[in-house]
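See below for upload18.pdb, which holds PDB, C-alpha atoms.
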ATOM      1  CA  ASP T 777     -17.089   3.711 -12.010  1.00  0.00           C
ATOM      2  CA  ALA T 778     -15.746   5.789  -9.166  1.00  0.00           C
ATOM      3  CA  GLY T 779     -12.559   4.639  -7.517  1.00  0.00           C
ATOM      4  CA  VAL T 780     -11.886   4.592  -3.801  1.00  0.00           C
ATOM      5  CA  THR T 781     -12.800   7.955  -2.318  1.00  0.00           C
ATOM      6  CA  GLN T 782     -11.495   9.376   0.922  1.00  0.00           C
ATOM      7  CA  SER T 783     -12.500  12.427   2.893  1.00  0.00           C
ATOM      8  CA  PRO T 784     -11.348  14.875   3.925  1.00  0.00           C
ATOM      9  CA  THR T 785      -8.314  15.436   1.710  1.00  0.00           C
ATOM     10  CA  HIS T 786      -6.445  17.420   4.329  1.00  0.00           C
ATOM     11  CA  LEU T 787      -6.992  17.927   8.028  1.00  0.00           C
ATOM     12  CA  ILE T 788      -5.230  19.930  10.713  1.00  0.00           C
ATOM     13  CA  LYS T 789      -5.747  19.011  14.360  1.00  0.00           C
ATOM     14  CA  THR T 790      -4.055  19.747  17.665  1.00  0.00           C
ATOM     15  CA  ARG T 791      -2.664  17.293  20.189  1.00  0.00           C
ATOM     16  CA  GLY T 792      -5.294  15.572  22.303  1.00  0.00           C
ATOM     17  CA  GLN T 793      -8.111  15.986  19.788  1.00  0.00           C
ATOM     18  CA  HIS T 794      -9.754  13.132  17.965  1.00  0.00           C
ATOM     19  CA  VAL T 795     -10.288  12.660  14.251  1.00  0.00           C
ATOM     20  CA  THR T 796     -12.539  10.621  11.964  1.00  0.00           C
ATOM     21  CA  LEU T 797     -11.431   9.742   8.457  1.00  0.00           C
ATOM     22  CA  ARG T 798     -13.813   8.310   5.897  1.00  0.00           C
ATOM     23  CA  CYS T 799     -13.495   5.930   2.993  1.00  0.00           C
ATOM     24  CA  SER T 800     -15.873   4.707   0.306  1.00  0.00           C
ATOM     25  CA  PRO T 801     -14.697   1.582  -1.514  1.00  0.00           C
ATOM     26  CA  ILE T 802     -15.140   0.773  -5.168  1.00  0.00           C
ATOM     27  CA  SER T 803     -18.706  -0.373  -5.790  1.00  0.00           C
ATOM     28  CA  GLY T 804     -18.964  -4.112  -5.149  1.00  0.00           C
ATOM     29  CA  HIS T 805     -15.837  -4.279  -2.998  1.00  0.00           C
ATOM     30  CA  LYS T 806     -16.502  -5.713   0.447  1.00  0.00           C
ATOM     31  CA  SER T 807     -13.051  -5.329   1.992  1.00  0.00           C
ATOM     32  CA  VAL T 808     -11.486  -2.099   3.205  1.00  0.00           C
ATOM     33  CA  SER T 809      -7.991  -1.712   4.635  1.00  0.00           C
ATOM     34  CA  TRP T 810      -6.381   1.299   6.288  1.00  0.00           C
ATOM     35  CA  TYR T 811      -2.692   2.260   6.123  1.00  0.00           C
ATOM     36  CA  GLN T 812      -0.559   4.990   7.664  1.00  0.00           C
ATOM     37  CA  GLN T 813       2.304   6.370   5.609  1.00  0.00           C
ATOM     38  CA  VAL T 814       4.943   8.669   7.080  1.00  0.00           C
ATOM     39  CA  LEU T 815       7.643  10.314   5.003  1.00  0.00           C
ATOM     40  CA  GLY T 816      10.451   7.983   4.028  1.00  0.00           C
ATOM     41  CA  GLN T 817       8.575   4.801   4.904  1.00  0.00           C
ATOM     42  CA  GLY T 818       6.224   2.459   3.132  1.00  0.00           C
ATOM     43  CA  PRO T 819       2.562   2.344   4.166  1.00  0.00           C
ATOM     44  CA  GLN T 820       2.008   0.609   7.525  1.00  0.00           C
ATOM     45  CA  PHE T 821      -1.043  -1.634   7.897  1.00  0.00           C
ATOM     46  CA  ILE T 822      -3.553  -0.457  10.509  1.00  0.00           C
ATOM     47  CA  PHE T 823      -6.781  -2.435   9.976  1.00  0.00           C
ATOM     48  CA  GLN T 824      -8.649  -4.610   7.529  1.00  0.00           C
ATOM     49  CA  TYR T 825     -12.428  -4.998   7.525  1.00  0.00           C
ATOM     50  CA  TYR T 826     -14.445  -7.467   5.505  1.00  0.00           C
ATOM     51  CA  GLU T 827     -18.226  -7.731   5.615  1.00  0.00           C
ATOM     52  CA  LYS T 828     -18.260  -5.341   8.592  1.00  0.00           C
ATOM     53  CA  GLU T 829     -15.941  -7.521  10.690  1.00  0.00           C
ATOM     54  CA  GLU T 830     -12.348  -6.795  11.623  1.00  0.00           C
ATOM     55  CA  ARG T 831     -10.096  -9.254   9.808  1.00  0.00           C
ATOM     56  CA  GLY T 832      -6.699  -7.914  10.797  1.00  0.00           C
ATOM     57  CA  ARG T 833      -5.035  -5.330  12.968  1.00  0.00           C
ATOM     58  CA  GLY T 834      -1.533  -3.889  12.766  1.00  0.00           C
ATOM     59  CA  ASN T 835       0.750  -2.740  15.591  1.00  0.00           C
ATOM     60  CA  PHE T 836      -1.109   0.423  16.479  1.00  0.00           C
ATOM     61  CA  PRO T 837      -2.309   1.522  19.926  1.00  0.00           C
ATOM     62  CA  ASP T 838      -5.926   1.286  21.050  1.00  0.00           C
ATOM     63  CA  ARG T 839      -6.331   4.983  20.264  1.00  0.00           C
ATOM     64  CA  PHE T 840      -6.858   3.773  16.695  1.00  0.00           C
ATOM     65  CA  SER T 841     -10.214   2.185  15.910  1.00  0.00           C
ATOM     66  CA  ALA T 842     -12.279   1.598  12.822  1.00  0.00           C
ATOM     67  CA  ARG T 843     -15.570   0.260  11.652  1.00  0.00           C
ATOM     68  CA  GLN T 844     -17.269  -0.739   8.433  1.00  0.00           C
ATOM     69  CA  PHE T 845     -20.870   0.066   7.607  1.00  0.00           C
ATOM     70  CA  PRO T 846     -23.525  -2.041   5.820  1.00  0.00           C
ATOM     71  CA  ASN T 847     -22.758  -0.193   2.572  1.00  0.00           C
ATOM     72  CA  TYR T 848     -19.066  -1.239   3.028  1.00  0.00           C
ATOM     73  CA  SER T 849     -17.834   2.300   3.597  1.00  0.00           C
ATOM     74  CA  SER T 850     -15.485   2.676   6.533  1.00  0.00           C
ATOM     75  CA  GLU T 851     -14.316   5.127   9.172  1.00  0.00           C
ATOM     76  CA  LEU T 852     -10.973   5.305  10.901  1.00  0.00           C
ATOM     77  CA  ASN T 853     -11.009   7.021  14.286  1.00  0.00           C
ATOM     78  CA  VAL T 854      -7.976   8.220  16.177  1.00  0.00           C
ATOM     79  CA  ASN T 855      -8.329   9.534  19.744  1.00  0.00           C
ATOM     80  CA  ALA T 856      -5.942  11.603  21.863  1.00  0.00           C
ATOM     81  CA  LEU T 857      -3.906  12.677  18.857  1.00  0.00           C
ATOM     82  CA  LEU T 858      -0.139  12.847  19.178  1.00  0.00           C
ATOM     83  CA  LEU T 859       2.346  14.716  17.024  1.00  0.00           C
ATOM     84  CA  GLY T 860       3.547  11.363  15.711  1.00  0.00           C
ATOM     85  CA  ASP T 861       0.121  10.682  14.213  1.00  0.00           C
ATOM     86  CA  SER T 862       0.880  13.229  11.499  1.00  0.00           C
ATOM     87  CA  ALA T 863       0.880  11.169   8.322  1.00  0.00           C
ATOM     88  CA  LEU T 864      -0.909  10.298   5.108  1.00  0.00           C
ATOM     89  CA  TYR T 865      -3.735   7.856   5.814  1.00  0.00           C
ATOM     90  CA  LEU T 866      -4.576   5.602   2.900  1.00  0.00           C
ATOM     91  CA  CYS T 867      -7.658   3.488   2.406  1.00  0.00           C
ATOM     92  CA  ALA T 868      -7.689   0.530   0.000  1.00  0.00           C
ATOM     93  CA  SER T 869     -10.467  -1.756  -1.135  1.00  0.00           C
ATOM     94  CA  SER T 870     -10.650  -5.161  -2.760  1.00  0.00           C
ATOM     95  CA  SER T 871     -13.579  -7.347  -3.659  1.00  0.00           C
ATOM     96  CA  LEU T 872     -12.947 -10.270  -1.295  1.00  0.00           C
ATOM     97  CA  GLY T 873     -10.071  -9.084   0.858  1.00  0.00           C
ATOM     98  CA  SER T 874      -7.844 -12.039   0.106  1.00  0.00           C
ATOM     99  CA  GLY T 875      -4.100 -11.552  -0.195  1.00  0.00           C
ATOM    100  CA  ASN T 876      -3.940 -12.703  -3.814  1.00  0.00           C
ATOM    101  CA  GLN T 877      -6.064  -9.776  -5.002  1.00  0.00           C
ATOM    102  CA  PRO T 878      -4.663  -6.329  -5.785  1.00  0.00           C
ATOM    103  CA  GLN T 879      -5.761  -3.516  -3.522  1.00  0.00           C
ATOM    104  CA  HIS T 880      -7.198  -0.315  -4.956  1.00  0.00           C
ATOM    105  CA  PHE T 881      -6.102   2.781  -3.106  1.00  0.00           C
ATOM    106  CA  GLY T 882      -7.689   6.162  -2.570  1.00  0.00           C
ATOM    107  CA  ASP T 883      -5.756   9.418  -2.710  1.00  0.00           C
ATOM    108  CA  GLY T 884      -5.416   9.525   1.061  1.00  0.00           C
ATOM    109  CA  THR T 885      -6.103  11.987   3.854  1.00  0.00           C
ATOM    110  CA  ARG T 886      -3.156  14.144   4.906  1.00  0.00           C
ATOM    111  CA  LEU T 887      -3.405  14.627   8.697  1.00  0.00           C
ATOM    112  CA  SER T 888      -1.265  17.258  10.358  1.00  0.00           C
ATOM    113  CA  ILE T 889      -1.069  17.517  14.150  1.00  0.00           C
ATOM    114  CA  LEU T 890       0.049  20.832  15.643  1.00  0.00           C
TER     115      LEU T 890
ATOM    116  CA  ILE I 867       9.322  -8.885  12.957  1.00  0.00           C
ATOM    117  CA  LEU I 868       8.795  -9.344   9.216  1.00  0.00           C
ATOM    118  CA  ASN I 869      11.059  -7.169   7.099  1.00  0.00           C
ATOM    119  CA  VAL I 870      10.599  -6.224   3.465  1.00  0.00           C
ATOM    120  CA  GLU I 871      13.557  -4.437   1.912  1.00  0.00           C
ATOM    121  CA  GLN I 872      13.841  -2.693  -1.414  1.00  0.00           C
ATOM    122  CA  SER I 873      16.920  -1.583  -3.272  1.00  0.00           C
ATOM    123  CA  PRO I 874      18.094   0.765  -4.463  1.00  0.00           C
ATOM    124  CA  GLN I 875      16.387   3.500  -2.457  1.00  0.00           C
ATOM    125  CA  SER I 876      16.448   5.783  -5.496  1.00  0.00           C
ATOM    126  CA  LEU I 877      17.516   5.613  -9.104  1.00  0.00           C
ATOM    127  CA  HIS I 878      18.112   8.244 -11.762  1.00  0.00           C
ATOM    128  CA  VAL I 879      18.197   7.027 -15.364  1.00  0.00           C
ATOM    129  CA  GLN I 880      18.054   8.531 -18.826  1.00  0.00           C
ATOM    130  CA  GLU I 881      15.076   8.094 -21.127  1.00  0.00           C
ATOM    131  CA  GLY I 882      15.494   4.843 -23.026  1.00  0.00           C
ATOM    132  CA  ASP I 883      17.555   3.110 -20.325  1.00  0.00           C
ATOM    133  CA  SER I 884      16.348  -0.213 -18.973  1.00  0.00           C
ATOM    134  CA  THR I 885      16.403  -0.616 -15.235  1.00  0.00           C
ATOM    135  CA  ASN I 886      15.548  -3.058 -12.481  1.00  0.00           C
ATOM    136  CA  PHE I 887      14.964  -3.017  -8.735  1.00  0.00           C
ATOM    137  CA  THR I 888      14.893  -5.648  -6.025  1.00  0.00           C
ATOM    138  CA  CYS I 889      12.432  -6.550  -3.286  1.00  0.00           C
ATOM    139  CA  SER I 890      13.597  -8.938  -0.530  1.00  0.00           C
ATOM    140  CA  PHE I 891      11.123 -10.593   1.796  1.00  0.00           C
ATOM    141  CA  PRO I 892      10.949 -13.495   4.278  1.00  0.00           C
ATOM    142  CA  SER I 893      11.228 -16.823   2.447  1.00  0.00           C
ATOM    143  CA  SER I 894       9.115 -18.706   4.984  1.00  0.00           C
ATOM    144  CA  ASN I 895       5.350 -18.701   5.144  1.00  0.00           C
ATOM    145  CA  PHE I 896       4.953 -16.947   1.785  1.00  0.00           C
ATOM    146  CA  TYR I 897       1.466 -16.215   0.450  1.00  0.00           C
ATOM    147  CA  ALA I 898       1.720 -13.373  -2.081  1.00  0.00           C
ATOM    148  CA  LEU I 899       3.915 -10.520  -3.268  1.00  0.00           C
ATOM    149  CA  HIS I 900       2.412  -7.287  -4.597  1.00  0.00           C
ATOM    150  CA  TRP I 901       4.020  -4.521  -6.679  1.00  0.00           C
ATOM    151  CA  TYR I 902       2.550  -1.009  -6.730  1.00  0.00           C
ATOM    152  CA  ARG I 903       3.503   2.128  -8.600  1.00  0.00           C
ATOM    153  CA  TRP I 904       2.961   5.452  -6.806  1.00  0.00           C
ATOM    154  CA  GLU I 905       3.210   8.674  -8.744  1.00  0.00           C
ATOM    155  CA  THR I 906       3.452  11.968  -6.906  1.00  0.00           C
ATOM    156  CA  ALA I 907       0.040  13.439  -5.993  1.00  0.00           C
ATOM    157  CA  LYS I 908      -1.744  10.260  -7.086  1.00  0.00           C
ATOM    158  CA  SER I 909      -2.816   7.056  -5.345  1.00  0.00           C
ATOM    159  CA  PRO I 910      -0.784   3.833  -5.446  1.00  0.00           C
ATOM    160  CA  GLU I 911      -1.659   1.727  -8.492  1.00  0.00           C
ATOM    161  CA  ALA I 912      -1.444  -2.062  -8.510  1.00  0.00           C
ATOM    162  CA  LEU I 913       1.019  -3.479 -11.037  1.00  0.00           C
ATOM    163  CA  PHE I 914       1.259  -7.174 -10.194  1.00  0.00           C
ATOM    164  CA  VAL I 915       0.179  -9.747  -7.626  1.00  0.00           C
ATOM    165  CA  MET I 916       2.441 -12.793  -7.671  1.00  0.00           C
ATOM    166  CA  THR I 917       1.796 -16.004  -5.785  1.00  0.00           C
ATOM    167  CA  LEU I 918       3.815 -18.841  -7.339  1.00  0.00           C
ATOM    168  CA  ASN I 919       7.550 -19.464  -7.195  1.00  0.00           C
ATOM    169  CA  GLY I 920       9.017 -18.781 -10.623  1.00  0.00           C
ATOM    170  CA  ASP I 921       6.076 -16.554 -11.578  1.00  0.00           C
ATOM    171  CA  GLU I 922       6.777 -13.969 -14.263  1.00  0.00           C
ATOM    172  CA  LYS I 923       4.301 -11.178 -15.012  1.00  0.00           C
ATOM    173  CA  LYS I 924       4.375  -8.520 -17.705  1.00  0.00           C
ATOM    174  CA  LYS I 925       2.451  -5.302 -18.306  1.00  0.00           C
ATOM    175  CA  GLY I 926       3.678  -3.351 -21.323  1.00  0.00           C
ATOM    176  CA  ARG I 927       7.332  -2.441 -20.713  1.00  0.00           C
ATOM    177  CA  ILE I 928       7.218  -3.512 -17.068  1.00  0.00           C
ATOM    178  CA  SER I 929       7.790  -7.080 -15.930  1.00  0.00           C
ATOM    179  CA  ALA I 930       8.424  -8.854 -12.642  1.00  0.00           C
ATOM    180  CA  THR I 931       9.836 -12.177 -11.490  1.00  0.00           C
ATOM    181  CA  LEU I 932       9.409 -14.016  -8.208  1.00  0.00           C
ATOM    182  CA  ASN I 933      11.648 -16.398  -6.256  1.00  0.00           C
ATOM    183  CA  THR I 934       9.859 -17.475  -3.077  1.00  0.00           C
ATOM    184  CA  LYS I 935      12.517 -19.995  -2.032  1.00  0.00           C
ATOM    185  CA  GLU I 936      15.201 -17.332  -1.682  1.00  0.00           C
ATOM    186  CA  GLY I 937      12.814 -14.489  -0.893  1.00  0.00           C
ATOM    187  CA  TYR I 938      13.225 -11.952  -3.675  1.00  0.00           C
ATOM    188  CA  SER I 939      11.381 -10.369  -6.573  1.00  0.00           C
ATOM    189  CA  TYR I 940      12.760  -8.225  -9.383  1.00  0.00           C
ATOM    190  CA  LEU I 941      10.883  -5.490 -11.223  1.00  0.00           C
ATOM    191  CA  TYR I 942      12.196  -4.597 -14.680  1.00  0.00           C
ATOM    192  CA  ILE I 943      11.384  -1.564 -16.801  1.00  0.00           C
ATOM    193  CA  LYS I 944      12.476  -1.739 -20.428  1.00  0.00           C
ATOM    194  CA  GLY I 945      13.195   1.522 -22.256  1.00  0.00           C
ATOM    195  CA  SER I 946      12.289   3.876 -19.381  1.00  0.00           C
ATOM    196  CA  GLN I 947      10.139   6.897 -20.217  1.00  0.00           C
ATOM    197  CA  PRO I 948       9.694  10.098 -18.165  1.00  0.00           C
ATOM    198  CA  GLU I 949       6.146   8.968 -17.324  1.00  0.00           C
ATOM    199  CA  ASP I 950       7.651   5.938 -15.538  1.00  0.00           C
ATOM    200  CA  SER I 951       8.968   8.316 -12.871  1.00  0.00           C
ATOM    201  CA  ALA I 952       7.342   7.186  -9.610  1.00  0.00           C
ATOM    202  CA  THR I 953       7.978   5.293  -6.397  1.00  0.00           C
ATOM    203  CA  TYR I 954       7.741   1.526  -6.859  1.00  0.00           C
ATOM    204  CA  LEU I 955       6.576  -0.326  -3.768  1.00  0.00           C
ATOM    205  CA  CYS I 956       6.547  -4.034  -3.091  1.00  0.00           C
ATOM    206  CA  ALA I 957       4.432  -5.618  -0.361  1.00  0.00           C
ATOM    207  CA  PHE I 958       4.572  -9.108   1.141  1.00  0.00           C
ATOM    208  CA  ILE I 959       1.739 -11.183   2.556  1.00  0.00           C
ATOM    209  CA  GLY I 960       2.702 -14.142   4.736  1.00  0.00           C
ATOM    210  CA  GLY I 961       0.652 -17.028   6.058  1.00  0.00           C
ATOM    211  CA  ALA I 962      -3.032 -16.671   6.665  1.00  0.00           C
ATOM    212  CA  THR I 963      -3.020 -12.933   7.312  1.00  0.00           C
ATOM    213  CA  ASN I 964      -4.363 -10.333   4.945  1.00  0.00           C
ATOM    214  CA  LYS I 965      -1.800  -7.817   6.126  1.00  0.00           C
ATOM    215  CA  LEU I 966       0.291  -6.200   3.387  1.00  0.00           C
ATOM    216  CA  ILE I 967       3.811  -5.476   4.665  1.00  0.00           C
ATOM    217  CA  PHE I 968       5.350  -2.808   2.470  1.00  0.00           C
ATOM    218  CA  GLY I 969       8.952  -2.027   1.709  1.00  0.00           C
ATOM    219  CA  THR I 970      10.122   1.588   1.737  1.00  0.00           C
ATOM    220  CA  GLY I 971      10.032   1.777  -2.058  1.00  0.00           C
ATOM    221  CA  THR I 972      12.406   2.631  -4.884  1.00  0.00           C
ATOM    222  CA  LEU I 973      12.104   6.174  -6.230  1.00  0.00           C
ATOM    223  CA  LEU I 974      12.718   6.193  -9.994  1.00  0.00           C
ATOM    224  CA  ALA I 975      13.417   9.430 -11.854  1.00  0.00           C
ATOM    225  CA  VAL I 976      13.667   9.228 -15.641  1.00  0.00           C
ATOM    226  CA  GLN I 977      15.350  12.208 -17.276  1.00  0.00           C
ATOM    227  CA  PRO I 978      14.192  13.110 -20.822  1.00  0.00           C
TER     228      PRO I 978
END
If you convert what's in this file into structure tokens, what do you get?
Amino acid sequence: DAGVTQSPTHLIKTRGQHVTLRCSPISGHKSVSWYQQVLGQGPQFIFQYYEKEERGRGNFPDRFSARQFPNYSSELNVNALLLGDSALYLCASSSLGSGNQPQHFGDGTRLSIL
Amino acid sequence: ILNVEQSPQSLHVQEGDSTNFTCSFPSSNFYALHWYRWETAKSPEALFVMTLNGDEKKKGRISATLNTKEGYSYLYIKGSQPEDSATYLCAFIGGATNKLIFGTGTLLAVQP
């Protein structure tokens, strides 16, 4: 079975642009979470979606938005990109989205803002 | 602000050494504590999810303990091998949220 897949692998954007990152969860998993990881820090929680509804949101500005589709895949959108948005964006899935289940991570999308 | 701290920040050991690291988290409103292993150029891999005070989990040469009353968890690696070289992350979930709050990780390098 395929693991969590993310696309694209790498992306270069300039300030002010917007970006869409994509994630396909493990088959059968209904929960998708997004994390931002900058060098020297642990991943920071951005969003969790379960059954197409937002279940949690981290301390990120409204420029960050996400959605989950009927097939449980998800998109993370970031508008008006800033230099500080340069990071590795990780997607993770779990079957029910509860905190006592391990999360399965993708390889991430490396976003660079020039 | 919930804080999860890991120590040490990095560790260099020789092959065959046993080692351990610490994860400290808020002792109130505990729900679960996760451990992940993250090798360079790979995705984070779940090691353990621990929910009960006094819990001990084991996976091969790696084991973990949990003390929710004092807010810490230890990860132990017995007889370290070069393939154990990775960053080990812990993450705390408190209360009714599903939000994983990660520490900054412990970078382990095992020299052959």
Produce the centre coordinates and the three edge lengths, each in Å to one decimal, of the box along x, y and z that contains all listed atoms of stretch 913-930 of chain I with 5 Å added on each side, as lines of an AutoDock Vina configuration file.
center_x = 4.6
center_y = -11.0
center_z = -13.6
size_x = 18.8
size_y = 27.0
size_z = 25.5
I would like the residues chosen by the PyMOL selection byres ((chain I and resi 943) around 7) on the shown file; could you give them as a PyMOL selection string?
chain I and resi 884-886+927-929+941-942+944-946
Enumerate, as an NGL selection string, the residues matched when the PyMOL selection byres ((chain T) within 12 of (chain I)) is run on the file above.
:T and (779-782 or 785 or 807-826 or 830-835 or 864-870 or 872-886)
Check which residues satisfy the PyMOL selection byres ((chain T and resi 860) around 10) in the file shown, then give them as a VMD selection string.
chain T and resid 791 814 857 to 859 861 to 863 888 to 889
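Using all atoms listed in the file for every distance, the candidate list T:Ser783, T:Ser803, T:Lys789, T:Asp838 yields T:Ser783 as the residue closest to T:Glu851.
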Test item: residues at most 7 Å from T:Asn855, all atoms listed in the file, excluding those fewer than 3 positions along its chain, as a PyMOL selection string
chain T and resi 793-795+839-840
Looking at only C-alpha atoms, which of I:Phe891, I:Pro978, I:Glu905, I:Gln872 is the one that sits closest to I:Gln947?
I:Pro978
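Coordinates place atom CA of T:Leu852 at a distance of 5.1 Å from atom CA of T:Leu797.
Ranking T:Phe836, T:Ser850, T:Glu829, T:Ser871 by their shortest atom-to-atom distance to T:Ser800, with all atoms listed in the file included, puts T:Ser850 first.
Nearest residue to I:Arg903 among I:Gln880, I:Gln977, I:Thr972, I:Asn933 is I:Thr972, counting all atoms listed in the file.
Taking atom CA of I:Asn919 and atom CA of I:Thr934 as the two end points, the separation is 5.1 Å.
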Taking (11.1, 5.6, -11.7) as a centre in this file's frame and 7 Å as the limit, can you find every polymer residue with an atom that close, using all atoms listed in the file, and give them as an NGL selection string?
:I and (877 or 950-953 or 973-976)
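Our summary of the geometry notes that atom CA of I:Tyr954 is positioned 6.2 Å from atom CA of I:Trp904.
Closest approach to T:Thr796 among T:Leu890, T:Lys828, T:Ser841, T:Ser849 is made by T:Ser841 (distances from only C-alpha atoms).
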